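For reference, the structure discussed in these notes is given below.
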Amino acid sequence: MALKEFNVKNAYCKRVWDELKVRYADQEHFLQAAGLVLETLSPVVDTMPGIEKTAVLERFVEPERIIMFRVPWTDDAGKPHVNRGFRVQFNSAIGPYKGGLRFSPEVSLDVLKFLGFEQVLKNSLTTLPMGGGKGGADFDPHGKSDAEVMRFCQSFMTELYRHIGADTDVPAGDKGVGGREVAWMFGQYKRITNQFTGVLTGKGLDFGGSLIRPEATGYGLIYFAECMLKAVNTDFNGKTCIISGDGNVAQYACEKVTQLGGKVITLSDSTGYILDEDGIDAEKLAFVMQFRGEHKKIDTYLTKYPKAKFFKGEKPWGVKADCAFPCATQDEIYMEDAKKLVANGVKLVAEGANMPTRADAIEYLQKNDVLFAPGKASNAGGVAVSGLEMSQNSERLSWTREEVDSKLKHIMTQIHDNAYETAKKYAPSKTTDYVSGANIYGFLKVARAMDAQGLV
Ligand code: NDP
């Protein structure tokens, strides 16, 4: 994949960017994430000449620590396997490292560094005291038995436990790691350390988990998009929406759009997408949740709702709609997809997944007056509720569903308003430049903390 030529104007940002491109030439995803951030930080770094003296930017793009380890496990036939495990502890300037664990064959240092880097800014945006990290393993849970996945989780934690802690690093789930895997890892952590602490978030409700955590990313995404629509004097009522993915984020984004009066007409998975022009209402979504829980693919939808259509191997971006929510994985929207979105009348794209939109596609959408929200702002609801889970664990309390949902809504509104105001100040443009607004607002807090804490 070709790396976009970023237009990094500030001389200090440009020097750091040029060095980074050479040092990490083999880390394409990380470079894409860092290049876009350095490009958008230029106007604010222009106003902060002092930060070069304390090498804030050089430190900001370099993880504090990377842990890499082997994860040996045996399958049900007794055959041994060895996977690679990682934890990228990127930045702890404003709080303990916090970020998910991903189990997927695509996991590499490149992918986890991009996710960890984005997480630093995302966590800063939530206004909660959390640093950024990310981890996982190149383990593919597809087709593995429950016992195999449990043994893998236990082996993974047998190494990871010595590097994490409630005040050091608090991992959570991500792709391939849901409540079941978090529980198995928590059990193993407790067994090894003999401590019951809030060391992981996304736990079960019976042992320290928070209500609304499963819903948080999808709901938060739609709360954020609601603020974007409000800023241009409209709302979800009567809007047609296309969503990719059929997993955790996609499901709850679909639920919230419907609750707010919009109509979701697509969902997808790695095999293709389904189109239901009548809308995927609560009853239909319950069916999706059921068959996805049974590891069935998205075309199963047609067995109950035969009026819908299945498009094998395709993405939903060519469907006419008002709003689009990529909620599956990175690299979902390339330039040709962005062109289809614009041609089909889409006026708002908000990322539920992490970096689903390629940098040149973002530029194209913004140039064509599409309101665009980057995942680090619009999908921050998940980590925000993880932060609330950490607070509840520390206090040994559990808040009600309504309390957590209203705090989530408040945080997403704050993230929106901070990104919006910052964009107006540093990157004025016809349609709000949420990318610049989110990057600059998230960066400022971390940069101030790093500067204050000295050269560490
Ligand atoms: P899930 O594992 O629940 O769902 C992932 C969805 O994406 C599935 O529909 C899956 O289909 C699809 N998918 C995966 N890989 C591909 C691919 N290469 N091409 C097309 N479709 C694909 O994950 P989540 O919903 O939890 O996460 C989705 C995204 O959101 C990720 O980028 C994650 O990092 C991000 N995110 C998640 C948060 C959370 O709280 N869950 C928080 C913030 C961000 P299939 O089953 O066929 O593979």
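Chain identifiers are assigned as A, B, and so on, following the order in which chains appear in the structure tokens; residues are numbered from 1 within each chain, and ligands are numbered from 1 in order of appearance.
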- Task: Please write out the residues within 7 Å of ligand 1 as a VMD selection string, counting only C-alpha atoms and all ligand atoms.
- Result: chain A and resid 173 to 176 214 216 to 217 245 to 250 268 to 271 297 327 to 330 352 to 354 379 to 380 382 to 383
Could you write out the selected residues, including N, CA and C atoms, as a PDB file, in the first residue's frame?
```
ATOM      1  N   GLY A 173     -10.637  -5.624  25.985  1.00  0.00           N
ATOM      2  CA  GLY A 173     -10.825  -6.421  24.770  1.00  0.00           C
ATOM      3  C   GLY A 173     -10.624  -5.581  23.522  1.00  0.00           C
ATOM      4  N   ASP A 174     -10.600  -6.227  22.393  1.00  0.00           N
ATOM      5  CA  ASP A 174     -10.639  -5.584  21.068  1.00  0.00           C
ATOM      6  C   ASP A 174     -11.092  -6.686  20.109  1.00  0.00           C
ATOM      7  N   LYS A 175     -10.775  -6.561  18.842  1.00  0.00           N
ATOM      8  CA  LYS A 175     -11.176  -7.595  17.887  1.00  0.00           C
ATOM      9  C   LYS A 175     -10.663  -8.963  18.337  1.00  0.00           C
ATOM     10  N   GLY A 176     -11.549  -9.934  18.389  1.00  0.00           N
ATOM     11  CA  GLY A 176     -11.148 -11.292  18.776  1.00  0.00           C
ATOM     12  C   GLY A 176     -11.057 -11.507  20.275  1.00  0.00           C
ATOM     13  N   PRO A 214     -20.603  -3.230  26.921  1.00  0.00           N
ATOM     14  CA  PRO A 214     -20.744  -3.821  25.580  1.00  0.00           C
ATOM     15  C   PRO A 214     -21.331  -2.825  24.563  1.00  0.00           C
ATOM     16  N   ALA A 216     -21.045   0.454  24.669  1.00  0.00           N
ATOM     17  CA  ALA A 216     -20.464   1.798  24.753  1.00  0.00           C
ATOM     18  C   ALA A 216     -19.891   2.344  23.449  1.00  0.00           C
ATOM     19  N   THR A 217     -19.161   1.517  22.685  1.00  0.00           N
ATOM     20  CA  THR A 217     -18.507   2.071  21.491  1.00  0.00           C
ATOM     21  C   THR A 217     -19.552   2.421  20.434  1.00  0.00           C
ATOM     22  N   GLY A 245     -19.529  -4.153   9.108  1.00  0.00           N
ATOM     23  CA  GLY A 245     -19.316  -4.956  10.306  1.00  0.00           C
ATOM     24  C   GLY A 245     -20.642  -5.491  10.816  1.00  0.00           C
ATOM     25  N   ASP A 246     -20.593  -6.563  11.589  1.00  0.00           N
ATOM     26  CA  ASP A 246     -21.794  -7.056  12.285  1.00  0.00           C
ATOM     27  C   ASP A 246     -21.404  -7.481  13.696  1.00  0.00           C
ATOM     28  N   GLY A 247     -20.263  -6.962  14.174  1.00  0.00           N
ATOM     29  CA  GLY A 247     -19.779  -7.329  15.502  1.00  0.00           C
ATOM     30  C   GLY A 247     -20.246  -6.346  16.561  1.00  0.00           C
ATOM     31  N   ASN A 248     -19.483  -6.268  17.625  1.00  0.00           N
ATOM     32  CA  ASN A 248     -19.890  -5.478  18.787  1.00  0.00           C
ATOM     33  C   ASN A 248     -20.221  -4.023  18.432  1.00  0.00           C
ATOM     34  N   VAL A 249     -19.310  -3.345  17.762  1.00  0.00           N
ATOM     35  CA  VAL A 249     -19.505  -1.914  17.490  1.00  0.00           C
ATOM     36  C   VAL A 249     -20.677  -1.713  16.528  1.00  0.00           C
ATOM     37  N   ALA A 250     -20.694  -2.495  15.447  1.00  0.00           N
ATOM     38  CA  ALA A 250     -21.742  -2.362  14.425  1.00  0.00           C
ATOM     39  C   ALA A 250     -23.129  -2.613  15.026  1.00  0.00           C
ATOM     40  N   SER A 268     -22.337  -5.933   7.545  1.00  0.00           N
ATOM     41  CA  SER A 268     -21.435  -6.765   6.737  1.00  0.00           C
ATOM     42  C   SER A 268     -20.558  -7.632   7.640  1.00  0.00           C
ATOM     43  N   ASP A 269     -19.813  -8.533   7.020  1.00  0.00           N
ATOM     44  CA  ASP A 269     -18.704  -9.200   7.706  1.00  0.00           C
ATOM     45  C   ASP A 269     -17.637  -9.479   6.657  1.00  0.00           C
ATOM     46  N   SER A 270     -16.678 -10.321   6.976  1.00  0.00           N
ATOM     47  CA  SER A 270     -15.578 -10.505   6.034  1.00  0.00           C
ATOM     48  C   SER A 270     -16.006 -11.252   4.767  1.00  0.00           C
ATOM     49  N   THR A 271     -17.264 -11.754   4.715  1.00  0.00           N
ATOM     50  CA  THR A 271     -17.707 -12.468   3.507  1.00  0.00           C
ATOM     51  C   THR A 271     -18.499 -11.580   2.546  1.00  0.00           C
ATOM     52  N   LYS A 297     -22.286 -16.628   9.526  1.00  0.00           N
ATOM     53  CA  LYS A 297     -21.909 -15.486   8.715  1.00  0.00           C
ATOM     54  C   LYS A 297     -23.135 -14.642   8.364  1.00  0.00           C
ATOM     55  N   CYS A 327     -17.520   0.143  10.709  1.00  0.00           N
ATOM     56  CA  CYS A 327     -17.411  -0.421  12.067  1.00  0.00           C
ATOM     57  C   CYS A 327     -16.783  -1.812  12.060  1.00  0.00           C
ATOM     58  N   ALA A 328     -15.995  -2.162  11.033  1.00  0.00           N
ATOM     59  CA  ALA A 328     -15.440  -3.519  10.987  1.00  0.00           C
ATOM     60  C   ALA A 328     -13.963  -3.538  11.375  1.00  0.00           C
ATOM     61  N   THR A 329     -13.122  -2.884  10.567  1.00  0.00           N
ATOM     62  CA  THR A 329     -11.679  -3.026  10.794  1.00  0.00           C
ATOM     63  C   THR A 329     -10.935  -1.888  10.090  1.00  0.00           C
ATOM     64  N   GLN A 330      -9.590  -1.903  10.141  1.00  0.00           N
ATOM     65  CA  GLN A 330      -8.841  -0.849   9.449  1.00  0.00           C
ATOM     66  C   GLN A 330      -8.886  -1.076   7.934  1.00  0.00           C
ATOM     67  N   GLY A 352     -16.418   3.991  13.360  1.00  0.00           N
ATOM     68  CA  GLY A 352     -16.603   3.164  14.557  1.00  0.00           C
ATOM     69  C   GLY A 352     -15.370   2.303  14.779  1.00  0.00           C
ATOM     70  N   ALA A 353     -14.775   1.831  13.676  1.00  0.00           N
ATOM     71  CA  ALA A 353     -13.537   1.042  13.763  1.00  0.00           C
ATOM     72  C   ALA A 353     -12.346   1.993  13.920  1.00  0.00           C
ATOM     73  N   ASN A 354     -11.162   1.431  14.126  1.00  0.00           N
ATOM     74  CA  ASN A 354      -9.944   2.224  14.197  1.00  0.00           C
ATOM     75  C   ASN A 354      -9.318   2.308  12.813  1.00  0.00           C
ATOM     76  N   ASN A 379     -15.057   6.873  18.198  1.00  0.00           N
ATOM     77  CA  ASN A 379     -15.235   5.549  18.827  1.00  0.00           C
ATOM     78  C   ASN A 379     -14.654   5.487  20.237  1.00  0.00           C
ATOM     79  N   ALA A 380     -14.455   6.671  20.834  1.00  0.00           N
ATOM     80  CA  ALA A 380     -13.839   6.715  22.166  1.00  0.00           C
ATOM     81  C   ALA A 380     -14.787   6.281  23.292  1.00  0.00           C
ATOM     82  N   GLY A 382     -16.031   3.421  24.004  1.00  0.00           N
ATOM     83  CA  GLY A 382     -15.660   2.151  24.636  1.00  0.00           C
ATOM     84  C   GLY A 382     -14.626   2.353  25.720  1.00  0.00           C
ATOM     85  N   VAL A 383     -13.563   3.059  25.379  1.00  0.00           N
ATOM     86  CA  VAL A 383     -12.522   3.263  26.387  1.00  0.00           C
ATOM     87  C   VAL A 383     -13.009   4.223  27.480  1.00  0.00           C
TER      88      VAL A 383
END
```
- DSSP strand (DSSP E) residues within region 165-236 of chain A, listed as a ChimeraX atom specification: /A:169-172
Next, dump the selected residues to file, keeping only all heavy atoms, as a CSV table (one decimal), in the first residue's frame.
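So selection-v1.csv came out as:
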```csv
chain,number,residue,atom,x,y,z
A,169,ASP,N,-0.9,-0.5,33.9
A,169,ASP,CA,-1.4,-0.8,32.6
A,169,ASP,C,-2.7,-1.6,32.7
A,169,ASP,O,-2.6,-2.7,33.3
A,169,ASP,CB,-0.3,-1.6,31.8
A,169,ASP,CG,-0.7,-1.8,30.3
A,169,ASP,OD1,-1.8,-1.5,29.9
A,169,ASP,OD2,0.2,-2.3,29.6
A,170,VAL,N,-3.7,-1.2,32.1
A,170,VAL,CA,-5.1,-1.8,32.2
A,170,VAL,C,-5.6,-2.2,30.9
A,170,VAL,O,-6.3,-1.4,30.2
A,170,VAL,CB,-6.0,-0.9,33.0
A,170,VAL,CG1,-7.4,-1.6,33.3
A,170,VAL,CG2,-5.5,-0.4,34.3
A,171,PRO,N,-5.3,-3.4,30.4
A,171,PRO,CA,-5.8,-3.8,29.1
A,171,PRO,C,-7.3,-4.1,29.1
A,171,PRO,O,-8.0,-4.1,30.2
A,171,PRO,CB,-5.1,-5.1,28.8
A,171,PRO,CG,-3.9,-5.2,29.8
A,171,PRO,CD,-4.4,-4.4,31.0
A,172,ALA,N,-7.9,-4.2,27.9
A,172,ALA,CA,-9.3,-4.5,27.7
A,172,ALA,C,-9.4,-5.4,26.5
A,172,ALA,O,-8.4,-5.9,26.0
A,172,ALA,CB,-10.1,-3.2,27.5
```
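All residues of protein, DNA or RNA that reach within 10 Å of region 419-427 of chain A, judged by only C-alpha atoms and not counting those fewer than 4 positions away in the chain, are Thr40, Leu41, Ser42, Pro43, Val44, Leu125, Cys227, Met228, Ala231, Ala373, Ala377, Thr413, Gln414, Ile415, Thr431, Thr432, Asp433, Tyr434, Val435, Ser436, Gly437, Ala438, Asn439, Ile440, Tyr441 and Gly442 of chain A.
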Do you know which residues are at most 7 Å from Val56 (chain A) counting only C-alpha atoms, after dropping those on the same chain fewer than 5 positions away, and could you put them as a short mmCIF file (atom, residue, chain, number, x, y, z; two decimals) with C-alpha atoms, in the first residue's frame?
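Written file, result29.cif:
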```
data_model
loop_
_atom_site.label_atom_id
_atom_site.label_comp_id
_atom_site.auth_asym_id
_atom_site.auth_seq_id
_atom_site.Cartn_x
_atom_site.Cartn_y
_atom_site.Cartn_z
CA ILE A 51 8.50 21.97 23.08
CA ALA A 447 2.24 17.42 25.43
CA MET A 450 5.18 15.39 29.04
CA ASP A 451 6.78 18.81 29.05
#
```
Pick out the residues sitting within 9 Å of Lys304 (chain A), and hand them over as a compact mmCIF listing (two decimals) with N, CA, C and O atoms, in the first residue's frame; count only C-alpha atoms, and ignore anything fewer than 2 positions along from it in its own chain.
```txt
# COMPACT_ATOMS: atom_id res chain seq x y z
N LYS A 284 -34.93 -7.51 13.92
CA LYS A 284 -33.95 -8.07 12.98
C LYS A 284 -32.55 -8.06 13.58
O LYS A 284 -31.76 -8.99 13.39
N PHE A 287 -31.91 -10.93 15.79
CA PHE A 287 -31.56 -12.13 15.03
C PHE A 287 -30.07 -12.12 14.65
O PHE A 287 -29.37 -13.13 14.77
N THR A 300 -26.62 -15.43 6.70
CA THR A 300 -27.65 -16.11 7.50
C THR A 300 -28.89 -15.22 7.64
O THR A 300 -30.02 -15.70 7.80
N TYR A 301 -28.68 -13.90 7.57
CA TYR A 301 -29.78 -12.92 7.66
C TYR A 301 -30.91 -13.26 6.69
O TYR A 301 -32.09 -13.14 7.01
N LEU A 302 -30.53 -13.71 5.49
CA LEU A 302 -31.53 -13.97 4.44
C LEU A 302 -32.41 -15.19 4.74
O LEU A 302 -33.50 -15.32 4.18
N PRO A 306 -35.87 -12.97 3.71
CA PRO A 306 -35.44 -13.26 2.33
C PRO A 306 -35.57 -12.07 1.37
O PRO A 306 -35.02 -12.11 0.29
```
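You can rank A:Ala33, A:Gly208, A:Tyr252, A:Gly116 by their closest distance to Glu395 (chain A) using only C-alpha atoms, and at the top of that list sits A:Gly208.
Distance-wise, CA of Val346 (chain A) and CA of Asp322 (chain A) end up 4.4 Å apart.
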- Note on the structure: Atom pair CA of Asn7 (chain A) + CA of Thr47 (chain A), distance 18.1 Å
- Item | From A:Gly198, A:Gly187, A:Pro356, A:Gly313, residue lying nearest Leu115 (chain A) [only C-alpha atoms] | A:Pro356
- Message: If you run DSSP on the backbone here, which positions in region 120-358 of chain A get alpha helix (DSSP H)? Please write them as a count of residues only.
- Response: 92
- 12 Å contact set for Ala93 (chain A), only C-alpha atoms, chain neighbours under 5 positions out, as a PyMOL selection string: chain A and resi 56+59-60+63-64+98+120-121+123-124+129-133+168+443-456
- Query: Contacts of Ala324 (chain A) at 7 Å or less, counting only C-alpha atoms, minus same-chain residues fewer than 2 places along, as a PyMOL selection string?
  - Reply: chain A and resi 241-243+326+346+348-350
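The gap separating CA of Gly202 (chain A) from CA of Val107 (chain A) is 20.5 Å, in Å to one decimal.
Of the residues listed (A:Asp140, A:Asp369, A:Glu52, A:Glu402), A:Asp369 shows the shortest atom-to-atom separation from Ser429 (chain A); distances use only C-alpha atoms.
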